[in-house]
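So this one's protein.cif, mmCIF, C-alpha atoms:
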data_entry
loop_
_atom_site.label_atom_id
_atom_site.label_comp_id
_atom_site.auth_asym_id
_atom_site.auth_seq_id
_atom_site.Cartn_x
_atom_site.Cartn_y
_atom_site.Cartn_z
CA MET K 7 -3.09 -5.02 -79.44
CA LYS K 8 -5.56 -2.67 -77.81
CA LYS K 9 -7.13 -5.58 -75.94
CA LYS K 10 -3.70 -6.63 -74.58
CA LEU K 11 -2.95 -3.10 -73.40
CA LEU K 12 -6.37 -2.85 -71.72
CA LEU K 13 -5.81 -6.21 -69.97
CA LEU K 14 -2.36 -5.10 -68.81
CA LEU K 15 -3.79 -1.86 -67.39
CA CYS K 16 -6.48 -3.81 -65.51
CA VAL K 17 -3.85 -6.14 -64.02
CA MET K 18 -1.71 -3.17 -62.97
CA GLN K 19 -4.69 -1.48 -61.33
CA LEU K 20 -5.61 -4.65 -59.42
CA GLY K 21 -1.99 -4.99 -58.28
CA ALA K 22 -1.94 -1.37 -57.12
CA VAL K 23 -5.18 -1.92 -55.15
CA ALA K 24 -3.75 -5.09 -53.53
CA MET K 25 -0.52 -3.29 -52.64
CA ALA K 26 -2.49 -0.40 -51.16
CA GLN K 27 -4.56 -2.80 -49.08
CA GLU K 28 -1.43 -4.61 -47.96
CA ASN K 29 0.32 -1.35 -47.06
CA ASP K 30 -2.78 -0.28 -45.17
CA GLU K 31 -2.34 -3.31 -42.88
CA VAL K 32 1.39 -2.74 -42.24
CA ARG K 33 2.63 -0.33 -39.58
CA TYR K 34 6.09 0.57 -38.33
CA ASN K 35 7.21 2.08 -35.05
CA GLN K 36 9.58 5.03 -34.68
CA TYR K 37 12.56 2.67 -34.97
CA GLY K 38 11.47 1.32 -38.35
CA VAL K 39 10.36 -2.07 -37.01
CA GLN K 40 7.14 -3.61 -38.32
CA VAL K 41 4.60 -3.97 -35.50
CA ASP K 42 1.56 -6.12 -34.80
CA ARG K 43 -1.82 -4.44 -34.87
CA LYS K 44 -4.99 -5.01 -32.86
CA GLU K 45 -8.28 -3.20 -33.14
CA LEU K 46 -9.35 -2.04 -29.68
CA LYS K 47 -12.73 -1.52 -28.10
CA THR K 48 -13.06 1.39 -25.66
CA GLU K 49 -15.20 1.27 -22.52
CA ALA K 50 -15.55 3.05 -19.18
CA ARG K 51 -15.83 0.32 -16.56
CA ASN K 52 -16.91 1.85 -13.27
CA ASN K 53 -15.47 5.05 -14.79
CA ILE K 54 -12.07 3.43 -15.42
CA LEU K 55 -11.04 3.97 -19.04
CA VAL K 56 -10.30 0.55 -20.61
CA PHE K 57 -9.01 -0.35 -24.09
CA GLU K 58 -9.47 -4.03 -24.98
CA SER K 59 -9.00 -6.17 -28.09
CA LYS K 60 -11.94 -8.04 -29.62
CA LYS K 61 -10.45 -11.39 -28.55
CA GLN K 62 -9.84 -10.01 -25.03
CA ASP K 63 -6.19 -11.10 -25.25
CA TYR K 64 -4.95 -7.52 -24.79
CA LYS K 65 -6.15 -4.86 -22.37
CA VAL K 66 -4.76 -1.55 -21.16
CA TRP K 67 -6.37 0.77 -18.66
CA PHE K 68 -5.74 3.85 -16.53
CA ASP K 69 -6.03 3.73 -12.75
CA ASN K 70 -5.99 7.22 -11.24
CA ARG K 71 -6.86 8.53 -7.80
CA VAL K 72 -7.12 11.87 -5.99
CA GLN K 73 -7.47 12.06 -2.21
CA VAL K 74 -7.94 15.46 -0.52
CA ASP K 75 -7.59 15.36 3.28
CA GLY K 76 -8.27 17.80 6.07
CA ALA K 77 -7.75 17.44 9.83
CA THR K 78 -8.14 19.40 13.04
CA PHE K 79 -6.70 18.51 16.45
CA TRP K 80 -7.68 19.38 20.03
CA GLY K 81 -7.60 18.12 23.61
CA LYS K 82 -3.81 18.23 24.03
CA ASN K 83 -2.27 19.76 27.15
CA PRO K 84 -1.65 23.42 26.19
CA ASP K 85 1.88 23.32 27.66
CA TYR K 86 3.00 20.71 25.10
CA ASN K 87 4.07 21.22 21.48
CA PRO K 88 1.22 22.62 19.34
CA ILE K 89 -0.34 20.51 16.57
CA GLY K 90 -1.24 22.42 13.43
CA ASN K 91 -4.54 21.94 11.60
CA GLY K 92 -4.42 21.70 7.84
CA VAL K 93 -5.36 20.22 4.48
CA SER K 94 -3.29 18.25 1.99
CA LEU K 95 -3.33 16.34 -1.26
CA ARG K 96 -2.76 12.97 0.39
CA ARG K 97 -2.50 11.06 -2.87
CA VAL K 98 -2.47 12.13 -6.52
CA ARG K 99 -1.93 8.85 -8.32
CA PHE K 100 -1.53 8.14 -12.01
CA ALA K 101 -1.16 4.53 -13.14
CA MET K 102 -1.21 2.72 -16.44
CA LYS K 103 -1.74 -1.05 -16.41
CA ALA K 104 -1.61 -3.53 -19.28
CA GLN K 105 -2.52 -7.20 -19.77
CA LEU K 106 -0.32 -7.71 -22.83
CA THR K 107 -1.27 -11.37 -23.29
CA LYS K 108 -3.08 -13.81 -21.01
CA ASP K 109 0.34 -14.56 -19.43
CA TRP K 110 2.11 -11.18 -19.32
CA TYR K 111 1.18 -8.10 -17.30
CA GLY K 112 2.89 -4.72 -16.78
CA GLU K 113 2.20 -1.71 -14.58
CA VAL K 114 3.59 1.75 -13.87
CA ASP K 115 2.15 3.74 -10.95
CA MET K 116 3.34 7.12 -9.64
CA ASP K 117 2.25 9.65 -7.04
CA MET K 118 2.44 13.45 -7.10
CA ALA K 119 0.94 14.22 -3.68
CA ASP K 120 1.45 17.84 -2.63
CA GLY K 121 3.53 18.38 -5.77
CA THR K 122 6.28 15.85 -4.91
CA PHE K 123 6.94 13.02 -7.37
CA GLU K 124 7.34 9.50 -6.03
CA LEU K 125 7.44 6.21 -7.89
CA LYS K 126 5.05 3.59 -6.57
CA ASP K 127 4.70 0.42 -8.65
CA ALA K 128 6.82 -0.64 -11.62
CA ILE K 129 5.87 -4.28 -12.27
CA ILE K 130 6.65 -7.05 -14.75
CA GLU K 131 4.47 -10.13 -14.13
CA TYR K 132 4.22 -13.58 -15.71
CA ASP K 133 1.21 -15.86 -15.07
CA GLY K 134 1.83 -18.59 -17.63
CA LEU K 135 2.06 -21.52 -15.19
CA LYS K 136 -1.12 -22.88 -13.64
CA ASN K 137 -1.72 -21.52 -10.12
CA TRP K 138 1.58 -19.59 -10.18
CA GLU K 139 2.39 -15.89 -10.44
CA PHE K 140 5.90 -14.47 -10.90
CA LYS K 141 6.56 -10.80 -10.35
CA MET K 142 9.57 -8.50 -10.47
CA GLY K 143 10.13 -4.76 -10.17
CA ASN K 144 9.10 -2.29 -7.49
CA PHE K 145 5.98 -3.35 -5.58
CA LYS K 146 4.61 -4.02 -2.10
CA GLU K 147 6.05 -6.98 -0.25
CA GLU K 148 3.28 -9.42 0.63
CA PHE K 149 3.60 -9.22 4.40
CA SER K 150 0.74 -7.22 5.94
CA MET K 151 -2.81 -7.43 4.55
CA GLU K 152 -3.47 -3.85 5.66
CA ARG K 153 -0.28 -2.60 4.02
CA THR K 154 -0.94 -4.36 0.70
CA SER K 155 -4.58 -3.20 0.56
CA SER K 156 -5.07 -0.36 -1.90
CA SER K 157 -5.46 3.03 -0.23
CA ARG K 158 -8.82 3.41 -2.01
CA TYR K 159 -10.22 0.47 0.00
CA LEU K 160 -8.92 1.33 3.49
CA SER K 161 -11.53 1.11 6.23
CA LEU K 162 -10.22 4.28 7.89
CA ILE K 163 -8.31 7.25 6.53
CA GLU K 164 -4.87 6.05 7.64
CA ARG K 165 -3.42 2.62 8.33
CA PRO K 166 -2.85 1.57 11.98
CA MET K 167 0.44 2.45 13.67
CA VAL K 168 1.87 -1.07 13.75
CA THR K 169 1.69 -1.45 9.97
CA GLN K 170 3.14 2.02 9.38
CA ALA K 171 6.06 1.41 11.76
CA LEU K 172 6.89 -2.26 11.17
CA ALA K 173 5.27 -3.66 8.01
CA PRO K 174 7.42 -3.29 4.86
CA SER K 175 5.91 -1.50 1.89
CA ARG K 176 7.33 -1.23 -1.65
CA HIS K 177 10.83 -2.49 -2.42
CA LEU K 178 12.67 -3.56 -5.55
CA GLY K 179 12.59 -7.33 -5.79
CA VAL K 180 11.29 -10.61 -7.21
CA GLN K 181 8.42 -12.72 -5.90
CA ALA K 182 6.64 -15.99 -6.63
CA ALA K 183 3.08 -16.75 -5.48
CA PHE K 184 1.05 -19.95 -5.52
CA LEU K 185 -2.76 -19.80 -5.38
CA THR K 186 -5.40 -22.50 -5.15
CA GLU K 187 -9.07 -22.22 -4.33
CA TYR K 188 -8.45 -22.20 -0.57
CA PHE K 189 -4.75 -21.46 -0.11
CA ARG K 190 -2.26 -18.75 -1.05
CA TRP K 191 1.52 -18.69 -0.54
CA SER K 192 4.04 -16.05 -1.58
CA GLY K 193 7.78 -15.69 -1.17
CA GLY K 194 10.25 -13.15 -2.46
CA MET K 195 13.67 -11.55 -2.22
CA PHE K 196 13.76 -7.77 -1.95
CA PHE K 197 16.38 -5.04 -2.00
CA GLN K 198 16.32 -1.27 -1.63
CA GLU K 199 13.32 1.04 -1.63
CA VAL K 200 12.73 2.95 -4.86
CA ALA K 201 10.58 5.97 -4.17
CA GLY K 202 11.89 9.55 -4.37
CA SER K 203 15.14 11.48 -4.75
CA GLU K 204 16.19 11.08 -1.09
CA GLU K 205 16.24 7.28 -1.22
CA ILE K 206 18.10 6.99 -4.53
CA THR K 207 20.66 9.61 -3.43
CA ASN K 208 21.40 7.61 -0.27
CA VAL K 209 21.80 4.39 -2.29
CA GLN K 210 24.20 6.06 -4.72
CA ASP K 211 26.23 7.81 -1.99
CA ASN K 212 26.59 4.61 0.02
CA ASN K 213 27.78 2.83 -3.11
CA LYS K 214 30.06 5.59 -4.43
CA ASP K 215 31.71 6.72 -1.20
CA PHE K 216 31.81 3.48 0.81
CA GLY K 217 31.27 0.60 -1.64
CA ARG K 218 28.38 -0.73 0.43
CA SER K 219 26.04 -3.46 -0.79
CA GLN K 220 22.37 -2.51 -0.86
CA GLY K 221 21.11 -5.08 1.66
CA TYR K 222 18.37 -7.65 1.15
CA SER K 223 15.23 -9.18 2.64
CA PHE K 224 13.39 -12.50 2.35
CA THR K 225 9.64 -12.28 2.90
CA THR K 226 7.04 -15.04 2.89
CA LYS K 227 3.35 -15.39 3.77
CA ALA K 228 0.76 -18.17 3.72
CA GLY K 229 -3.01 -17.75 3.92
CA TRP K 230 -5.94 -20.15 4.24
CA MET K 231 -9.35 -19.10 2.85
CA PRO K 232 -12.19 -21.63 3.10
CA HIS K 233 -15.68 -20.89 1.73
CA THR K 234 -14.27 -18.96 -1.24
CA LYS K 235 -17.23 -19.95 -3.45
CA ASP K 236 -19.66 -18.16 -1.14
CA ARG K 237 -19.54 -14.42 -1.87
CA THR K 238 -21.61 -13.52 1.19
CA LYS K 239 -19.52 -15.08 3.96
CA GLY K 240 -16.09 -16.44 4.71
CA PHE K 241 -12.97 -16.11 6.81
CA TYR K 242 -9.22 -15.94 6.32
CA LEU K 243 -6.19 -16.86 8.45
CA GLY K 244 -2.60 -15.94 7.59
CA ALA K 245 0.94 -16.11 8.96
CA LYS K 246 4.03 -14.26 7.71
CA ALA K 247 7.74 -13.75 8.32
CA SER K 248 10.54 -11.62 6.91
CA TYR K 249 14.33 -11.77 7.42
CA ARG K 250 15.90 -8.36 6.80
CA THR K 251 19.31 -6.67 6.76
CA PRO K 252 20.00 -2.89 6.85
CA LYS K 253 19.58 -1.12 3.48
CA THR K 254 21.58 1.62 1.77
CA THR K 255 18.41 3.71 1.39
CA ASP K 256 19.38 5.02 4.86
CA ALA K 257 21.68 8.05 5.00
CA PRO K 258 25.39 7.08 4.90
CA GLY K 259 25.83 8.15 8.54
CA ASP K 260 22.98 5.86 9.62
CA PHE K 261 24.01 2.82 7.57
CA GLY K 262 24.07 -0.43 9.51
CA GLY K 263 21.21 0.63 11.74
CA VAL K 264 17.43 0.43 11.69
CA ARG K 265 14.81 2.88 12.84
CA PHE K 266 11.14 2.31 13.63
CA SER K 267 8.79 5.28 13.83
CA THR K 268 5.25 6.36 13.01
CA ARG K 269 2.73 9.15 13.25
CA ASN K 270 -0.35 8.66 15.40
CA SER K 271 -2.94 9.84 12.92
CA THR K 272 -2.91 11.62 9.57
CA SER K 273 0.03 12.83 7.52
CA ILE K 274 -1.07 16.40 8.33
CA ASN K 275 0.29 16.05 11.88
CA ARG K 276 3.97 15.56 11.03
CA LYS K 277 5.05 14.78 14.61
CA LYS K 278 6.35 11.25 15.16
CA TYR K 279 5.92 10.85 18.91
CA ILE K 280 6.75 7.13 18.74
CA ASP K 281 10.30 6.79 17.38
CA THR K 282 13.22 4.52 18.34
CA ASP K 283 15.78 6.71 16.54
CA VAL K 284 18.50 4.75 14.72
CA ILE K 285 19.50 1.52 16.47
CA LYS K 286 23.18 1.19 15.58
CA ASP K 287 25.22 -1.81 14.39
CA VAL K 288 22.33 -4.09 13.48
CA ASN K 289 23.28 -7.44 11.97
CA HIS K 290 19.74 -8.37 10.94
CA PHE K 291 16.18 -8.35 12.19
CA TRP K 292 13.08 -10.49 11.84
CA LEU K 293 9.49 -9.45 11.24
CA TYR K 294 6.75 -11.96 11.98
CA GLY K 295 3.04 -11.99 12.61
CA THR K 296 -0.44 -13.36 12.11
CA GLU K 297 -3.56 -11.94 10.47
CA ALA K 298 -7.23 -12.81 10.35
CA ALA K 299 -10.36 -11.63 8.58
CA ALA K 300 -14.03 -12.62 8.49
CA TYR K 301 -17.10 -11.30 6.71
CA TYR K 302 -20.82 -11.98 6.60
CA LYS K 303 -22.99 -9.92 4.27
CA GLY K 304 -22.44 -6.30 5.40
CA PHE K 305 -20.19 -7.12 8.39
CA LYS K 306 -16.40 -7.48 8.37
CA PHE K 307 -13.64 -8.10 10.89
CA GLN K 308 -9.91 -7.66 10.32
CA SER K 309 -6.95 -7.98 12.69
CA GLU K 310 -3.17 -8.31 12.65
CA TRP K 311 -0.40 -8.85 15.17
CA ILE K 312 3.14 -7.93 14.09
CA GLY K 313 6.38 -8.28 16.03
CA THR K 314 10.06 -7.74 15.32
CA HIS K 315 13.26 -9.13 16.82
CA VAL K 316 16.36 -6.99 16.23
CA THR K 317 19.85 -8.49 16.58
CA ALA K 318 22.41 -5.74 17.15
CA LYS K 319 25.95 -5.41 18.49
CA ASP K 320 24.78 -3.95 21.81
CA GLY K 321 21.91 -6.39 22.39
CA ASN K 322 18.61 -7.72 21.12
CA TYR K 323 15.34 -5.78 20.98
CA ASN K 324 11.72 -6.84 20.61
CA PHE K 325 8.95 -4.50 19.48
CA GLY K 326 5.41 -5.09 18.30
CA GLY K 327 1.77 -4.18 18.15
CA HIS K 328 -1.67 -5.11 16.87
CA TYR K 329 -5.01 -3.76 15.69
CA PHE K 330 -8.66 -4.84 15.48
CA THR K 331 -11.08 -3.38 12.90
CA LEU K 332 -14.84 -3.82 12.60
CA GLY K 333 -16.98 -2.59 9.73
CA TYR K 334 -20.67 -2.69 8.83
CA MET K 335 -22.62 -1.51 5.78
CA LEU K 336 -25.60 0.35 7.22
CA LEU K 337 -27.86 0.34 4.15
CA GLY K 338 -27.76 -3.30 3.11
CA GLY K 339 -24.50 -3.47 1.14
CA ASN K 340 -22.14 -6.45 1.16
CA GLN K 341 -18.47 -6.68 2.09
CA HIS K 342 -16.21 -8.11 -0.62
CA PHE K 343 -13.03 -10.11 0.01
CA ASN K 344 -10.41 -10.47 -2.73
CA VAL K 345 -9.42 -14.14 -2.50
CA ALA K 346 -6.58 -13.76 -5.01
CA GLU K 347 -4.85 -11.15 -2.82
CA GLY K 348 -6.12 -12.12 0.65
CA GLU K 349 -7.59 -8.69 1.51
CA PHE K 350 -10.82 -6.69 1.51
CA THR K 351 -11.74 -4.76 -1.61
CA GLN K 352 -14.52 -2.35 -2.66
CA PRO K 353 -17.83 -3.18 -0.90
CA GLY K 354 -21.12 -3.50 -2.75
CA ARG K 355 -23.63 -0.71 -2.17
CA GLY K 356 -27.02 -1.50 -0.65
CA LYS K 357 -28.86 1.32 -2.41
CA LYS K 358 -28.71 2.54 -5.98
CA TRP K 359 -27.62 5.96 -4.81
CA GLY K 360 -24.99 4.65 -2.37
CA ASP K 361 -24.26 3.23 1.06
CA ILE K 362 -22.69 4.17 4.39
CA GLU K 363 -20.11 2.06 6.22
CA LEU K 364 -19.48 2.37 9.96
CA CYS K 365 -15.94 1.36 11.01
CA LEU K 366 -14.33 1.04 14.45
CA ARG K 367 -10.69 0.31 15.20
CA TYR K 368 -8.35 -0.11 18.14
CA ASP K 369 -4.61 -0.15 17.43
CA TYR K 370 -1.55 -0.37 19.67
CA LEU K 371 2.21 -0.12 19.16
CA ASP K 372 5.07 -0.63 21.63
CA LEU K 373 8.64 0.42 20.72
CA ASN K 374 10.08 0.14 24.25
CA ASP K 375 12.56 -2.64 25.03
CA ASN K 376 15.98 -3.27 26.58
CA GLY K 377 16.96 0.36 27.03
CA VAL K 378 15.48 1.62 23.74
CA TRP K 379 12.64 3.95 24.68
CA GLY K 380 10.85 4.64 21.43
CA GLY K 381 7.51 5.00 23.18
CA SER K 382 4.19 3.25 22.96
CA GLY K 383 0.73 4.46 22.08
CA GLN K 384 -2.83 3.47 21.31
CA ASN K 385 -5.57 4.89 19.11
CA TYR K 386 -9.35 4.59 19.33
CA THR K 387 -10.87 5.43 15.94
CA ALA K 388 -14.44 5.63 14.61
CA GLY K 389 -15.25 6.44 11.01
CA LEU K 390 -18.02 6.73 8.44
CA ASN K 391 -17.44 6.00 4.77
CA PHE K 392 -20.00 7.39 2.31
CA TYR K 393 -19.92 5.44 -0.97
CA ILE K 394 -21.82 7.75 -3.30
CA ASN K 395 -21.14 5.69 -6.44
CA ASN K 396 -18.39 3.54 -7.96
CA PHE K 397 -15.87 6.36 -8.10
CA PHE K 398 -16.53 8.87 -5.29
CA LYS K 399 -16.05 8.32 -1.57
CA PHE K 400 -16.30 10.67 1.39
CA ALA K 401 -14.81 9.62 4.74
CA ILE K 402 -14.92 11.20 8.19
CA ASN K 403 -12.86 9.89 11.16
CA PHE K 404 -12.76 10.73 14.84
CA GLN K 405 -9.70 9.48 16.73
CA HIS K 406 -8.38 9.66 20.28
CA SER K 407 -4.62 9.10 20.55
CA ASP K 408 -2.91 8.25 23.83
CA ASN K 409 0.90 7.98 24.06
CA ASP K 410 3.13 7.00 26.98
CA ARG K 411 5.80 9.18 28.63
CA TYR K 412 8.57 7.69 26.42
CA ALA K 413 6.87 8.83 23.19
CA ASN K 414 8.85 12.08 22.98
CA GLY K 415 9.96 12.09 19.32
CA LYS K 416 13.61 11.18 19.99
CA GLY K 417 13.72 13.59 22.94
CA LYS K 418 12.42 16.63 21.04
CA LEU K 419 8.73 16.70 22.04
CA LEU K 420 7.30 17.74 25.40
CA ILE K 421 5.60 14.90 27.25
CA GLY K 422 5.14 16.07 30.86
CA HIS K 423 6.13 18.45 33.68
CA ASP K 424 9.16 18.24 35.92
CA ALA K 425 9.17 18.73 39.71
CA SER K 426 9.13 22.53 39.32
CA GLY K 427 6.07 22.37 37.01
CA LYS K 428 8.04 23.23 33.88
CA PRO K 429 7.19 21.32 30.66
CA THR K 430 9.86 18.76 29.76
CA ALA K 431 10.72 16.33 26.97
CA ASP K 432 12.78 14.16 29.34
CA TYR K 433 10.77 11.16 30.55
CA LYS K 434 13.21 10.78 33.46
CA GLN K 435 12.40 14.26 34.71
CA ALA K 436 8.65 14.09 34.20
CA VAL K 437 6.69 13.70 37.43
CA GLU K 438 3.37 14.60 35.79
CA PRO K 439 1.54 12.94 34.21
CA LYS K 440 2.12 9.88 36.33
CA GLY K 441 2.17 6.33 35.00
CA LYS K 442 1.91 5.66 31.26
CA GLY K 443 0.38 8.93 30.23
CA GLY K 444 2.28 11.23 27.87
CA VAL K 445 0.81 13.27 25.03
CA SER K 446 -2.88 12.59 24.37
CA TYR K 447 -5.10 14.41 21.90
CA ASN K 448 -8.17 14.14 19.65
CA MET K 449 -8.47 14.39 15.88
CA LEU K 450 -11.30 14.96 13.41
CA ALA K 451 -10.30 14.20 9.82
CA VAL K 452 -12.10 14.09 6.47
CA ARG K 453 -11.22 12.74 3.05
CA PHE K 454 -12.69 13.40 -0.39
CA GLU K 455 -11.69 10.74 -2.91
CA ILE K 456 -12.32 10.20 -6.59
CA ASP K 457 -11.10 7.21 -8.64
CA PHE K 458 -11.02 7.20 -12.42
#
This entry written out as structure tokens:
Amino acid sequence: MKKKLLLLLCVMQLGAVAMAQENDEVRYNQYGVQVDRKELKTEARNNILVFESKKQDYKVWFDNRVQVDGATFWGKNPDYNPIGNGVSLRRVRFAMKAQLTKDWYGEVDMDMADGTFELKDAIIEYDGLKNWEFKMGNFKEEFSMERTSSSRYLSLIERPMVTQALAPSRHLGVQAAFLTEYFRWSGGMFFQEVAGSEEITNVQDNNKDFGRSQGYSFTTKAGWMPHTKDRTKGFYLGAKASYRTPKTTDAPGDFGGVRFSTRNSTSINRKKYIDTDVIKDVNHFWLYGTEAAAYYKGFKFQSEWIGTHVTAKDGNYNFGGHYFTLGYMLLGGNQHFNVAEGEFTQPGRGKKWGDIELCLRYDYLDLNDNGVWGGSGQNYTAGLNFYINNFFKFAINFQHSDNDRYANGKGKLLIGHDASGKPTADYKQAVEPKGKGGVSYNMLAVRFEIDF
């Protein structure tokens, strides 16, 4: 009898141990649902915190960025509107990205620059078909290589005027992309912009008060990239187009119109000299363009031409512009081109302690056509990028901006002198400066950036 009791106790103890082990493997979420478990390995990869499963079938990482800018301006005619010097938090980004399986990817990215919240990326992506990528959410339309390039990898502190004024950025939509070794194609349908409180308020007011549809766009791009197996040299050619209708992200009073505008230089100078104001009663408009890039060891070249054709009730309008950028790593580093995205990425440093990149750019934008005098302008920019390590970058830019007499910020900014010598914002009254000249000035800007 004693032996039977002892055997029973042993069996009960073994059962309790097994149950404890089983319970130790089971976990539930806050909704009471049993969840899968993976043991994760933690690493800092180029100072990016990464959590990854042992089988590498799951990975989550943080992608954060702080950019502190400063700029000073001089050389402007003292009779014209003053330009204030200043500093700003240009970007304060916090992003979390996850490769949930080999086929599914998700991302949330937000910005809190100067204390103002703005949603950037909110992405659901499926890569389960060979050579194909399917994406939906809020993300950058694949139109301009300069616009889609991450701000951490820009050659100069700000993007050129033509991409700021004409190239679409983030919109809510769906997109498919096809990639082979030498070719990339993408096409998508996009709707309203999702960014801050102003945009969403306009969308809701247009819907609530007027029953307006949000508007839509179709955007496509194709790129050819030979020599992709050679990491030291190559070139890229691309063409793109986008059909677009007015969106309800515009204020209800401006709905049905489009407006193209840009700043010359940094976000610190808030003046938009080049500005078409709202072009009323637009049925649709086209964006189109070409782009090219080449690289050899430490040298790179990048260029884009972008145009737009606007079809409106009162007529048709054509605007456009272009830019050319050159870059060279002075201490032996190599330029890197991201074949999967068709754009330049972080260069390789020539020295253990860092490298210096010299960049030069010319950019031009013309928003004058058929009675719309939005102005035109050109910038000459030189910059040095100091890559101290994988996560810290210091940039300094010198820029000369030259605008024409029509670049008067919708008639609010002084651009010349009338016959009596009095400063005027009216290009019709301006007798000085003669010819194209309007507001010209110089800028010196710096950026401190850390990525982690």
Excluding K:Phe397 and its own-chain neighbours fewer than 5 positions away, which residues fall within 8 Å of it when counting only C-alpha atoms? Please give them as a PDB file with C-alpha atoms, in the coordinates of the input.
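Output (around-v3.pdb):
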ATOM      1  CA  ASN K  52     -16.910   1.850 -13.270  1.00  0.00           C
ATOM      2  CA  ASN K  53     -15.470   5.050 -14.790  1.00  0.00           C
ATOM      3  CA  GLU K 455     -11.690  10.740  -2.910  1.00  0.00           C
ATOM      4  CA  ILE K 456     -12.320  10.200  -6.590  1.00  0.00           C
ATOM      5  CA  ASP K 457     -11.100   7.210  -8.640  1.00  0.00           C
ATOM      6  CA  PHE K 458     -11.020   7.200 -12.420  1.00  0.00           C
TER       7      PHE K 458
END
Considering all atoms listed in the file, state which residue in the set K:Asp75, K:Asp127, K:Asp287, K:Asp408 is at the smallest distance from K:Arg176.
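The answer is K:Asp127, which sits nearest to K:Arg176.
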What does the PyMOL selection byres ((chain K and resi 395) around 12) select in this file, as a PyMOL selection string?
chain K and resi 52-53+352-362+391-394+396-400+455-458
I'd like the neighbourhood of K:Ala247 as a PyMOL selection string, where a residue qualifies if any of its atoms comes within 6 Å (using all atoms listed in the file), though same-chain residues fewer than 3 positions away should be ignored.
chain K and resi 225-226+293-294
My list of candidates is K:Phe196, K:Arg237, K:Arg276, K:Arg411. Which is closest to K:Asn340 when distances are computed with all atoms listed in the file?
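Among K:Phe196, K:Arg237, K:Arg276, K:Arg411, it is K:Arg237 that comes nearest to K:Asn340.
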Just add all heavy atoms to stretch 279-283 of chain K and send it as a PDB file, in the frame of the given file.
ATOM      1  N   TYR K 279       5.681  11.024  17.479  1.00  0.00           N
ATOM      2  CA  TYR K 279       5.920  10.850  18.910  1.00  0.00           C
ATOM      3  C   TYR K 279       6.635   9.530  19.182  1.00  0.00           C
ATOM      4  O   TYR K 279       7.554   9.457  19.994  1.00  0.00           O
ATOM      5  CB  TYR K 279       4.591  10.888  19.674  1.00  0.00           C
ATOM      6  CG  TYR K 279       3.864  12.208  19.595  1.00  0.00           C
ATOM      7  CD1 TYR K 279       2.833  12.396  18.684  1.00  0.00           C
ATOM      8  CD2 TYR K 279       4.218  13.270  20.430  1.00  0.00           C
ATOM      9  CE1 TYR K 279       2.165  13.611  18.599  1.00  0.00           C
ATOM     10  CE2 TYR K 279       3.562  14.483  20.365  1.00  0.00           C
ATOM     11  CZ  TYR K 279       2.526  14.652  19.446  1.00  0.00           C
ATOM     12  OH  TYR K 279       1.878  15.856  19.371  1.00  0.00           O
ATOM     13  N   ILE K 280       6.203   8.463  18.494  1.00  0.00           N
ATOM     14  CA  ILE K 280       6.750   7.130  18.740  1.00  0.00           C
ATOM     15  C   ILE K 280       7.890   6.885  17.747  1.00  0.00           C
ATOM     16  O   ILE K 280       7.672   6.777  16.540  1.00  0.00           O
ATOM     17  CB  ILE K 280       5.646   6.063  18.584  1.00  0.00           C
ATOM     18  CG1 ILE K 280       4.492   6.382  19.535  1.00  0.00           C
ATOM     19  CG2 ILE K 280       6.192   4.673  18.849  1.00  0.00           C
ATOM     20  CD1 ILE K 280       3.309   5.450  19.407  1.00  0.00           C
ATOM     21  N   ASP K 281       9.126   6.808  18.253  1.00  0.00           N
ATOM     22  CA  ASP K 281      10.300   6.790  17.380  1.00  0.00           C
ATOM     23  C   ASP K 281      11.492   6.213  18.146  1.00  0.00           C
ATOM     24  O   ASP K 281      11.912   6.769  19.169  1.00  0.00           O
ATOM     25  CB  ASP K 281      10.604   8.217  16.913  1.00  0.00           C
ATOM     26  CG  ASP K 281      11.619   8.274  15.785  1.00  0.00           C
ATOM     27  OD1 ASP K 281      12.406   7.325  15.640  1.00  0.00           O
ATOM     28  OD2 ASP K 281      11.627   9.276  15.047  1.00  0.00           O
ATOM     29  N   THR K 282      12.063   5.122  17.668  1.00  0.00           N
ATOM     30  CA  THR K 282      13.220   4.520  18.340  1.00  0.00           C
ATOM     31  C   THR K 282      14.520   5.256  18.048  1.00  0.00           C
ATOM     32  O   THR K 282      15.527   4.983  18.708  1.00  0.00           O
ATOM     33  CB  THR K 282      13.417   3.066  17.867  1.00  0.00           C
ATOM     34  OG1 THR K 282      13.713   3.065  16.459  1.00  0.00           O
ATOM     35  CG2 THR K 282      12.185   2.221  18.150  1.00  0.00           C
ATOM     36  N   ASP K 283      14.540   6.180  17.088  1.00  0.00           N
ATOM     37  CA  ASP K 283      15.780   6.710  16.540  1.00  0.00           C
ATOM     38  C   ASP K 283      16.550   5.549  15.906  1.00  0.00           C
ATOM     39  O   ASP K 283      16.075   4.419  15.869  1.00  0.00           O
ATOM     40  CB  ASP K 283      16.603   7.444  17.593  1.00  0.00           C
ATOM     41  CG  ASP K 283      17.539   8.496  16.983  1.00  0.00           C
ATOM     42  OD1 ASP K 283      17.659   8.542  15.747  1.00  0.00           O
ATOM     43  OD2 ASP K 283      18.151   9.272  17.745  1.00  0.00           O
TER      44      ASP K 283
END
